[in-house]
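S.K.: Sharing start-v1.txt, compact mmCIF, C-alpha atoms and all ligand atoms:
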```
# COMPACT_ATOMS: atom_id res chain seq x y z
CA MET O 28 82.99 111.66 104.85
CA THR O 29 80.83 114.76 105.13
CA GLU O 30 79.25 116.50 108.13
CA GLN O 31 76.01 114.62 107.38
CA ASP O 32 77.72 111.29 108.15
CA PHE O 33 78.08 112.38 111.78
CA ILE O 34 74.37 113.03 112.34
CA PRO O 35 73.06 109.90 114.09
CA LYS O 36 69.83 108.06 113.39
CA PRO O 37 67.18 108.53 116.10
CA TYR O 38 68.17 106.64 119.25
CA THR O 39 65.94 103.73 120.16
CA ASN O 40 67.01 103.07 123.75
CA THR O 41 67.06 105.32 126.81
CA LEU O 42 69.78 106.12 129.30
CA LYS O 43 69.20 107.13 132.93
CA GLN O 44 72.48 108.07 134.54
CA GLY O 45 76.12 107.15 134.75
CA LYS O 46 79.59 108.48 134.15
CA VAL O 47 82.44 108.13 131.70
CA THR O 48 86.09 109.21 131.97
CA TRP O 49 88.74 109.91 129.36
CA GLU O 50 92.29 111.13 129.53
CA SER O 51 93.47 112.93 126.45
CA PRO O 52 96.88 114.41 125.63
CA SER O 53 98.02 117.73 124.25
CA ASN O 54 99.82 117.84 120.92
CA ILE O 55 102.55 119.92 119.35
CA ALA O 56 102.20 121.05 115.75
CA LEU O 57 105.14 120.77 113.37
CA VAL O 58 103.28 122.47 110.51
CA LYS O 59 101.01 124.99 112.17
CA TYR O 60 97.28 125.55 111.91
CA TRP O 61 96.86 129.32 111.77
CA GLY O 62 93.76 130.73 110.17
CA LYS O 63 90.24 129.29 110.10
CA ARG O 64 86.74 129.94 108.85
CA ASP O 65 83.31 128.87 110.07
CA PRO O 66 82.62 126.23 111.31
CA GLN O 67 86.17 125.62 112.55
CA ILE O 68 87.50 124.80 109.08
CA PRO O 69 91.27 125.28 108.87
CA GLU O 70 92.68 127.53 106.16
CA ASN O 71 95.66 125.21 105.80
CA PRO O 72 96.69 121.65 106.66
CA SER O 73 98.69 120.98 109.82
CA ILE O 74 100.55 118.02 111.31
CA SER O 75 101.41 117.33 114.94
CA PHE O 76 103.09 114.95 117.31
CA THR O 77 100.65 113.75 119.93
CA LEU O 78 102.19 114.14 123.39
CA SER O 79 102.22 111.64 126.18
CA GLN O 80 102.53 113.28 129.63
CA CYS O 81 100.68 116.59 129.17
CA LYS O 82 97.08 115.56 129.39
CA THR O 83 93.61 116.38 130.66
CA ILE O 84 91.52 113.85 132.59
CA THR O 85 87.79 114.48 132.35
CA THR O 86 84.86 112.69 133.95
CA LEU O 87 81.44 113.37 132.51
CA SER O 88 78.52 112.38 134.74
CA TYR O 89 75.12 112.38 133.09
CA LYS O 90 71.67 112.28 134.61
CA GLN O 91 68.52 112.13 132.54
CA LYS O 92 66.17 115.10 132.85
CA GLU O 93 63.24 116.53 130.97
CA VAL O 94 64.30 117.95 127.62
CA THR O 95 64.52 121.73 127.95
CA SER O 96 65.62 124.49 125.61
CA ASP O 97 68.89 125.09 127.49
CA PHE O 98 71.94 123.00 128.20
CA SER O 99 72.30 122.07 131.85
CA PHE O 100 75.81 121.44 133.20
CA ASP O 101 78.35 122.31 135.90
CA VAL O 102 82.12 122.38 135.45
CA PHE O 103 84.79 121.67 138.05
CA LEU O 104 88.55 122.07 137.68
CA ASP O 105 90.55 120.21 140.34
CA GLY O 106 87.35 119.84 142.38
CA GLU O 107 86.55 123.56 142.29
CA LYS O 108 83.51 124.94 140.50
CA LYS O 109 84.64 126.90 137.44
CA ASP O 110 81.83 128.98 136.02
CA ALA O 111 84.43 130.85 133.95
CA PHE O 112 84.74 127.73 131.74
CA LYS O 113 81.00 127.59 131.03
CA PRO O 114 80.75 129.97 128.04
CA LYS O 115 83.35 128.01 126.04
CA ILE O 116 81.58 124.72 126.79
CA GLU O 117 78.19 126.28 126.01
CA THR O 118 79.53 127.36 122.60
CA PHE O 119 80.93 123.86 122.08
CA PHE O 120 77.59 122.25 123.00
CA LYS O 121 75.75 124.55 120.58
CA ARG O 122 78.14 123.64 117.77
CA VAL O 123 77.93 119.88 118.35
CA GLU O 124 74.27 119.53 119.36
CA GLN O 125 73.05 118.36 115.96
CA TYR O 126 75.65 115.57 116.00
CA VAL O 127 74.97 114.43 119.59
CA PRO O 128 71.26 115.25 119.92
CA PHE O 129 70.97 113.84 123.45
CA LEU O 130 72.63 116.89 125.05
CA LYS O 131 69.48 118.68 126.22
CA GLY O 132 68.03 115.53 127.77
CA PHE O 133 70.66 115.36 130.53
CA HIS O 134 72.21 117.33 133.32
CA PHE O 135 76.00 116.95 133.04
CA THR O 136 78.70 117.34 135.64
CA ILE O 137 82.09 117.85 134.03
CA GLU O 138 85.05 117.23 136.36
CA THR O 139 88.39 117.95 134.83
CA LYS O 140 92.05 118.16 135.78
CA ASN O 141 95.31 118.66 133.92
CA THR O 142 98.66 116.99 134.54
CA PHE O 143 100.39 120.28 133.72
CA PRO O 144 100.12 123.53 135.65
CA HIS O 145 97.03 125.57 134.81
CA SER O 146 97.74 128.58 132.58
CA SER O 147 101.26 127.29 132.02
CA GLY O 148 100.65 128.33 128.44
CA ILE O 149 100.37 124.68 127.41
CA ALA O 150 97.37 124.38 125.15
CA SER O 151 94.82 122.94 127.54
CA SER O 152 92.14 123.50 124.90
CA ALA O 153 93.54 120.64 122.78
CA SER O 154 93.60 118.09 125.60
CA GLY O 155 90.51 119.52 127.33
CA MET O 156 88.23 119.66 124.31
CA SER O 157 89.34 116.27 123.02
CA ALA O 158 88.72 114.68 126.45
CA LEU O 159 85.23 116.18 126.57
CA ALA O 160 84.47 115.15 122.99
CA LEU O 161 85.56 111.58 123.79
CA CYS O 162 83.31 111.54 126.87
CA LEU O 163 80.36 112.60 124.69
CA MET O 164 81.22 109.81 122.26
CA SER O 165 81.25 107.26 125.09
CA VAL O 166 77.74 108.40 126.02
CA GLU O 167 76.66 108.21 122.38
CA LYS O 168 78.07 104.69 122.16
CA LEU O 169 75.67 103.65 124.92
CA PHE O 170 72.84 104.75 122.63
CA ASN O 171 74.38 103.20 119.55
CA THR O 172 76.25 100.13 120.75
CA ASP O 173 77.34 98.77 117.38
CA MET O 174 79.51 101.78 116.51
CA SER O 175 82.93 100.80 115.12
CA ASN O 176 86.14 101.99 116.77
CA THR O 177 87.20 103.78 113.60
CA PHE O 178 83.97 105.74 113.47
CA PHE O 179 84.17 106.45 117.22
CA ASN O 180 87.61 108.02 116.87
CA GLN O 181 86.75 109.88 113.71
CA LYS O 182 83.63 111.39 115.22
CA ALA O 183 85.44 112.19 118.49
CA SER O 184 88.04 114.09 116.45
CA PHE O 185 85.25 115.78 114.44
CA LEU O 186 83.51 116.93 117.65
CA ALA O 187 86.79 117.96 119.29
CA ARG O 188 87.56 120.16 116.27
CA LEU O 189 84.32 122.03 116.85
CA GLY O 190 85.54 122.79 120.39
CA SER O 191 89.07 123.79 119.45
CA GLY O 192 90.74 123.16 116.11
CA SER O 193 93.96 121.67 117.39
CA ALA O 194 91.98 119.34 119.71
CA CYS O 195 91.06 117.14 116.74
CA ARG O 196 94.72 116.09 116.55
CA SER O 197 94.76 114.74 120.14
CA VAL O 198 92.41 111.75 119.89
CA GLU O 199 95.01 109.45 118.34
CA GLY O 200 98.75 109.40 117.78
CA ASP O 201 101.49 109.51 117.05
CA LEU O 202 101.56 111.79 114.01
CA ILE O 203 98.26 113.36 113.02
CA VAL O 204 97.30 115.44 110.00
CA TRP O 205 94.33 117.78 109.98
CA GLY O 206 93.18 119.79 106.97
CA HIS O 207 92.73 118.62 103.42
CA THR O 208 95.85 118.55 101.27
CA LYS O 209 96.56 116.60 98.11
CA HIS O 210 99.89 115.63 99.67
CA VAL O 211 98.28 113.40 102.32
CA ALA O 212 95.79 110.73 101.28
CA GLU O 213 92.47 110.78 103.16
CA SER O 214 93.28 114.10 104.86
CA SER O 215 90.20 116.08 105.80
CA ASP O 216 89.18 119.52 107.04
CA LEU O 217 86.63 117.82 109.32
CA PHE O 218 88.84 115.63 111.54
CA GLY O 219 92.39 114.50 112.13
CA VAL O 220 93.79 111.40 110.40
CA LYS O 221 96.84 109.30 111.22
CA TYR O 222 99.81 110.21 109.06
CA PRO O 223 99.66 107.38 106.50
CA TYR O 224 103.26 107.21 105.20
CA ALA O 225 106.53 105.68 106.36
CA VAL O 226 108.24 107.23 109.41
CA HIS O 227 111.88 106.45 110.19
CA ASP O 228 112.88 105.05 113.59
CA ASN O 229 114.77 108.30 114.32
CA PHE O 230 111.37 109.74 115.23
CA LYS O 231 110.41 106.89 117.55
CA ASN O 232 109.97 108.19 121.13
CA TYR O 233 110.91 111.67 119.91
CA GLN O 234 111.36 113.92 122.93
CA ASP O 235 109.65 117.25 123.69
CA THR O 236 110.94 119.25 126.65
CA ILE O 237 108.72 122.25 127.22
CA LEU O 238 110.36 125.28 128.79
CA LEU O 239 107.81 127.38 130.65
CA ILE O 240 109.08 130.85 129.87
CA ASP O 241 106.02 132.82 130.77
CA LYS O 242 103.06 131.39 132.61
CA GLY O 243 100.70 134.35 132.38
CA GLU O 244 97.49 134.42 130.39
CA LYS O 245 98.08 135.11 126.72
CA GLN O 246 97.54 138.75 125.73
CA VAL O 247 95.89 137.66 122.48
CA SER O 248 93.88 134.42 122.30
CA SER O 249 94.44 131.92 119.49
CA THR O 250 90.90 132.51 118.26
CA VAL O 251 91.60 136.22 117.80
CA GLY O 252 94.93 135.38 116.15
CA HIS O 253 93.29 132.97 113.69
CA ASN O 254 90.80 135.64 112.73
CA LEU O 255 93.56 138.12 112.03
CA MET O 256 94.59 135.88 109.12
CA HIS O 257 91.48 137.15 107.29
CA ASN O 258 92.75 139.93 105.01
CA HIS O 259 96.28 139.32 106.24
CA PRO O 260 98.70 140.55 103.55
CA TYR O 261 100.66 137.27 103.55
CA ALA O 262 97.73 134.86 104.08
CA ALA O 263 97.65 133.27 100.63
CA SER O 264 101.37 132.52 100.51
CA ARG O 265 101.38 131.28 104.11
CA PHE O 266 98.54 128.84 103.43
CA GLN O 267 100.31 127.60 100.31
CA GLN O 268 103.55 127.21 102.29
CA ALA O 269 101.80 124.89 104.76
CA HIS O 270 100.76 122.60 101.87
CA ASP O 271 104.30 122.71 100.49
CA ASN O 272 105.75 121.89 103.90
CA LEU O 273 103.53 118.84 104.23
CA GLU O 274 104.88 117.66 100.89
CA LYS O 275 108.48 118.37 101.97
CA LEU O 276 108.01 116.56 105.25
CA LYS O 277 107.29 113.22 103.55
CA PRO O 278 110.85 112.37 102.42
CA ILE O 279 112.22 113.88 105.65
CA LEU O 280 110.12 111.60 107.84
CA GLU O 281 110.75 108.60 105.66
CA ALA O 282 114.54 108.98 105.54
CA GLY O 283 114.91 110.08 109.19
CA ASP O 284 116.46 113.34 107.96
CA LEU O 285 116.83 115.11 111.31
CA LYS O 286 118.48 118.23 109.86
CA GLY O 287 115.72 118.67 107.32
CA PHE O 288 113.15 118.06 110.04
CA ILE O 289 114.60 120.72 112.34
CA ASN O 290 114.86 123.23 109.52
CA LEU O 291 111.22 122.80 108.54
CA MET O 292 109.94 122.78 112.13
CA GLU O 293 111.84 125.92 113.20
CA SER O 294 110.85 127.75 110.03
CA GLU O 295 107.18 126.89 110.74
CA ALA O 296 107.46 128.18 114.33
CA LEU O 297 109.01 131.47 113.29
CA THR O 298 106.54 131.87 110.42
CA LEU O 299 103.66 131.46 112.89
CA HIS O 300 105.04 134.28 115.00
CA ALA O 301 105.85 136.34 111.90
CA MET O 302 102.15 136.11 110.99
CA MET O 303 101.28 137.58 114.40
CA MET O 304 103.82 140.36 114.01
CA THR O 305 102.47 141.24 110.56
CA SER O 306 98.75 141.09 111.45
CA ASN O 307 96.84 144.27 112.05
CA PRO O 308 96.60 144.78 114.97
CA TYR O 309 100.12 143.32 115.28
CA TYR O 310 101.43 141.69 118.42
CA ILE O 311 104.36 139.73 119.82
CA LEU O 312 103.93 136.68 122.05
CA MET O 313 107.61 135.79 122.33
CA LYS O 314 109.43 137.18 125.39
CA PRO O 315 113.10 138.16 125.70
CA ASN O 316 113.80 134.75 127.26
CA THR O 317 112.18 133.00 124.29
CA LEU O 318 114.81 134.61 122.06
CA GLU O 319 117.63 133.89 124.52
CA VAL O 320 116.69 130.22 124.51
CA ILE O 321 116.44 130.07 120.71
CA ASN O 322 119.89 131.62 120.32
CA ARG O 323 121.40 129.23 122.84
CA ILE O 324 119.83 126.25 121.10
CA TRP O 325 121.34 127.38 117.80
CA LYS O 326 124.78 127.88 119.37
CA PHE O 327 124.68 124.51 121.14
CA ARG O 328 123.63 122.80 117.91
CA GLU O 329 126.49 124.38 116.03
CA ASP O 330 129.01 123.49 118.74
CA THR O 331 127.93 119.89 119.26
CA GLY O 332 126.28 118.75 116.03
CA LEU O 333 123.43 117.32 118.12
CA HIS O 334 119.93 117.30 116.62
CA ILE O 335 118.21 119.76 118.92
CA GLY O 336 115.47 121.97 117.49
CA PHE O 337 112.61 124.07 118.75
CA THR O 338 109.05 124.93 117.97
CA LEU O 339 106.66 127.45 119.46
CA ASP O 340 102.93 127.56 120.04
CA ALA O 341 100.92 130.74 120.23
CA GLY O 342 102.83 131.81 123.34
CA ALA O 343 106.27 132.43 124.81
CA ASN O 344 107.08 128.84 125.81
CA VAL O 345 109.66 126.88 123.86
CA HIS O 346 109.19 123.23 122.90
CA ILE O 347 112.58 121.59 122.46
CA LEU O 348 112.40 118.53 120.23
CA TYR O 349 115.14 115.94 119.83
CA PRO O 350 115.68 112.24 119.19
CA GLU O 351 115.68 109.85 122.14
CA SER O 352 119.24 108.76 121.31
CA GLU O 353 120.55 112.25 122.25
CA LYS O 354 118.46 112.60 125.39
CA VAL O 355 121.25 112.52 127.97
CA GLU O 356 123.41 115.26 126.42
CA ILE O 357 120.48 117.49 125.52
CA LEU O 358 118.79 117.22 128.92
CA ASN O 359 122.12 118.11 130.48
CA PHE O 360 122.34 121.20 128.32
CA ILE O 361 118.75 122.16 129.19
CA GLU O 362 119.39 121.76 132.92
CA ASN O 363 122.72 123.58 132.88
CA GLU O 364 121.99 126.38 130.46
CA LEU O 365 118.31 126.84 129.71
CA VAL O 366 116.46 126.32 132.99
CA ALA O 367 117.69 129.75 134.09
CA TYR O 368 115.39 131.30 131.46
CA CYS O 369 112.28 129.45 132.70
CA LYS O 370 109.81 131.04 135.05
CA ASN O 371 110.56 129.53 138.48
CA GLY O 372 112.92 127.12 136.71
CA GLU O 373 109.95 125.09 135.49
CA TYR O 374 110.00 122.77 132.49
CA ILE O 375 108.13 119.62 131.48
CA CYS O 376 109.66 116.51 129.95
CA ASP O 377 107.35 114.88 127.48
CA GLN O 378 107.59 112.69 124.41
CA ILE O 379 105.55 111.58 121.46
CA GLY O 380 102.44 109.62 122.47
CA PHE O 381 99.69 107.48 121.03
CA GLY O 382 96.45 109.24 121.86
CA ALA O 383 93.62 109.30 124.36
CA GLN O 384 92.51 106.49 126.64
CA GLU O 385 89.27 105.65 128.36
CA ILE O 386 89.51 105.13 132.12
CA ASN O 387 87.16 102.66 133.76
CA ASN O 388 85.11 104.16 136.57
C1 LIG O 401 99.39 127.97 117.28
O1 LIG O 401 93.36 125.11 118.30
O2 LIG O 401 93.96 126.78 120.09
O3 LIG O 401 98.77 126.03 118.48
O4 LIG O 401 90.56 126.48 117.01
O5 LIG O 401 90.50 128.76 118.00
O6 LIG O 401 90.60 126.76 119.51
P1 LIG O 401 90.97 127.36 118.17
O7 LIG O 401 92.56 127.48 118.13
P2 LIG O 401 93.68 126.51 118.65
O8 LIG O 401 94.92 127.03 117.77
C2 LIG O 401 96.17 126.47 117.95
C3 LIG O 401 97.13 127.08 117.05
C4 LIG O 401 98.58 126.70 117.26
C5 LIG O 401 99.09 125.86 116.10
C6 LIG O 401 98.63 124.44 116.05
O9 LIG O 401 98.40 123.81 117.11
O10 LIG O 401 98.55 123.91 114.92
```
Show the structure stored in the file as structure tokens.
Ligand code: DP6
M.R.:
Amino acid sequence: MTEQDFIPKPYTNTLKQGKVTWESPSNIALVKYWGKRDPQIPENPSISFTLSQCKTITTLSYKQKEVTSDFSFDVFLDGEKKDAFKPKIETFFKRVEQYVPFLKGFHFTIETKNTFPHSSGIASSASGMSALALCLMSVEKLFNTDMSNTFFNQKASFLARLGSGSACRSVEGDLIVWGHTKHVAESSDLFGVKYPYAVHDNFKNYQDTILLIDKGEKQVSSTVGHNLMHNHPYAASRFQQAHDNLEKLKPILEAGDLKGFINLMESEALTLHAMMMTSNPYYILMKPNTLEVINRIWKFREDTGLHIGFTLDAGANVHILYPESEKVEILNFIENELVAYCKNGEYICDQIGFGAQEINN
């Protein structure tokens, strides 16, 4: 597939007004996407678990209008008008316009809400941009009714990527690869694909408990961080490492090798943050409590032999991943020992999920 394959033939029917709704989950990367070039092409392949509970629900209402040179839309978060979100959506619309050429012929109302607290540091761009991309696809499907489901999902992921890179991994589940690598057949820089190889039952219903360590706005956005990988002294070896890690992950996932899995996942998380610390300008997104939690996880793992591991996003929060079979003991540990390090004692229990869903209006 190339970009050209996502440019539709001229539409033959017209559409007056209506609305579509999608709920789309967040995802947590195991091998991290860090570094990109125009137009939203990743410098290295990544793989993530799609989540289940952390999601965005978006309704897109459309009303036909005269075609003008500008986009016309309003955005609401939890029923409140959010003009602050408009520039990001405007940029998204500009990037995707050639692939969904109906955009300037409608006024859109975008109503969105998240199941997780706003600015909790959970990547709302992944769930938010994928939900919006899916809504646009549902509108496009009304123009082009014989579109296959496979193409629908692929193009939704392609559009979502143009909104936020990691969003392309939220359309489907449960393990999604984005970024071309010879180690994963059919992998592409343009959209996410389902991980095509065997996955052991140890990873079925894998748990992700997210400790909200710091709920403030990030000091450095992901977009700025990605750009700091240009001319980064360790860029080339980091990008190569991501390919190598995708290769290493294959036997780990197949055999259900939980130790190997944790080792690779934690190394990826710390490498991500090491890239931030060795950028110029350099910065640190982990907080003292992030480190406290990591040390306690390591100690608990050593003491109990349980398969508890962590990963981090571009923020201070800690994602604790573990198999469902160890849920009781590990949740006990989290409640007794780790909640004290969370802001207002807040944490979110999630698990691996299977992708976005359309909601009937
Ligand atoms: C650290 O997808 O938020 O979470 O493409 O600029 O929107 P943009 O960046 P974004 O980057 C997420 C990076 C990450 C790692 C990952 O999810 O793979």
S.K.: Quick one: of O:Leu339, O:Met174, O:Leu365, O:Leu161, who's nearest to ligand LIG 401 (chain O), counting all atoms listed in the file?
M.R.: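 The shortest atom-to-atom distance to ligand LIG 401 (chain O) comes from O:Leu339.
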S.K.: Could you tell me which of O:Ala212, O:Val366, O:Ile289, O:Val123 comes closest to Leu333 of chain O if we count all atoms listed in the file?
M.R.: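 Checking each of O:Ala212, O:Val366, O:Ile289, O:Val123 against Leu333 of chain O, counting all atoms listed in the file, the winner is O:Ile289.
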S.K.: If I take atom CA of Ala187 of chain O and atom CA of Ser248 of chain O, how far is one from the other in Å, to one decimal?
M.R.: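 Computing it gives 18.2 Å between the two atoms.
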S.K.: Do a neighbour search on Ala225 of chain O at 9 Å with all atoms listed in the file, toss out local chain neighbours closer than 3 positions, and write the hits as number ranges by chain.
M.R.: O: 222, 277-278, 280-282
S.K.: Go through O:Arg188, O:His207, O:Lys92, O:Lys275 one by one, measure the shortest atom-to-atom distance of each to ligand LIG 401 (chain O) using only C-alpha atoms and all ligand atoms, and give the residue with the smallest value.
M.R.: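 Of O:Arg188, O:His207, O:Lys92, O:Lys275, the one nearest ligand LIG 401 (chain O), counting only C-alpha atoms and all ligand atoms, is O:Arg188.
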